[in-house]
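Here is the structure we will look at, set down as structure tokens.
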Amino acid sequence: TDNGVYVSFNKGENWQQFTDGIPTIPVHDLVIQKEAKDLVIGTHGRSIYKANIASLQKYKETKGKGIVIFSIPSIKFSSYWGSSWNKWLKPTTPKLTIPFYVAKDGVYSVEILSKNKTLLKKYNTVASVGFNYTNYDLSIPEKTVNTYFLKNDVEVKKAKNDKYYLPKGNYIIKILD
């Protein structure tokens with residue numbers, strides 16, 4: 001097309017613009033990398049965009065639901081989070097991208113919970129109707145370290161950037177309107 005990329009969820013009856021950071025520009029090539037579930041987009045200006053479409057491929061799961069959180073990849077813990085090997089470089093900061101679908105525009109609350117459903121961190125994100133992404137840096141407040149982790153004999157050290165990060169473990173993510 002000459003106006004970006006479009007997606008249909010009903011076999012071409014209706015189309016929506018695919019706007020995951022892609023400007024409205026001529027698009028000359030689309031390829032899906034099946035294993036990684038990435039859509040690779042080639043533009044007339046010789047730019048390349050890559051977007052993971054694993055969530056889009058599970059669109060049927062969203063029917064009739066207000067909020068759906070899609071599969072989140074595991075992250076390997078690192079003791080280097082919040083530090084740098086060189087004083088001139090920024091500290092290594094982890095990032096977890098959370099893919100989700102909402103049925104209406106609004107501000108949503110993202111909650112990070114322990115296995116026993118204790119609230120560890122809460123933040124807000126703005127979402128529009130459809131598929132969205134929010135990023136979480138795996139940090140937790142000092143209050144959570146003192147009230148939950150120390151109480152459960154889990155050592156959490158302050159990183160060199162003065163933040164605390166989630167220790168190894170399994171956690172629950174909730175998105176609420």
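Identifiers for the structure tokens are assigned positionally: chains receive A, B, ... in sequence, residues are indexed from 1 per chain, and ligands are indexed from 1 in the order shown.
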
All residues 6 Å or closer to Ile140 (chain A), only C-alpha atoms, same chain fewer than 4 positions away omitted, as a PDB file with N, CA and C atoms, in the first residue's frame:
```pdb
ATOM      1  N   LYS A 121       4.134  -4.382  43.345  1.00  0.00           N
ATOM      2  CA  LYS A 121       4.266  -3.087  42.668  1.00  0.00           C
ATOM      3  C   LYS A 121       3.009  -2.833  41.860  1.00  0.00           C
ATOM      4  N   TYR A 164      15.771  -1.389  43.626  1.00  0.00           N
ATOM      5  CA  TYR A 164      15.653  -2.804  43.974  1.00  0.00           C
ATOM      6  C   TYR A 164      14.937  -3.500  42.820  1.00  0.00           C
ATOM      7  N   TYR A 165      15.389  -4.705  42.484  1.00  0.00           N
ATOM      8  CA  TYR A 165      14.773  -5.461  41.396  1.00  0.00           C
ATOM      9  C   TYR A 165      14.218  -6.775  41.920  1.00  0.00           C
TER      10      TYR A 165
END
```

Give me, as a list in words, all polymer residues having an atom no more than 9 Å from Tyr6 (chain A), counting only C-alpha atoms and skipping those fewer than 2 positions away in the same chain.
Thr1, Asn3, Gly4, Ser8, Trp15, Gln16, Gln17, Phe18 and Thr19 of chain A

Would you mind reading off the distance between CA of Pro91 (chain A) and CA of Thr125 (chain A), one decimal, in Å?
24.1 Å

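Among the candidates A:Lys58, A:His28, A:His44, A:Lys34, the one nearest to Phe9 (chain A) when counting only C-alpha atoms is A:Lys58.
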
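Of the residues under consideration (A:Asp105, A:Lys37, A:Pro94, A:Lys163), A:Pro94 shows the shortest atom-to-atom contact distance to Phe77 (chain A) when counting only C-alpha atoms.
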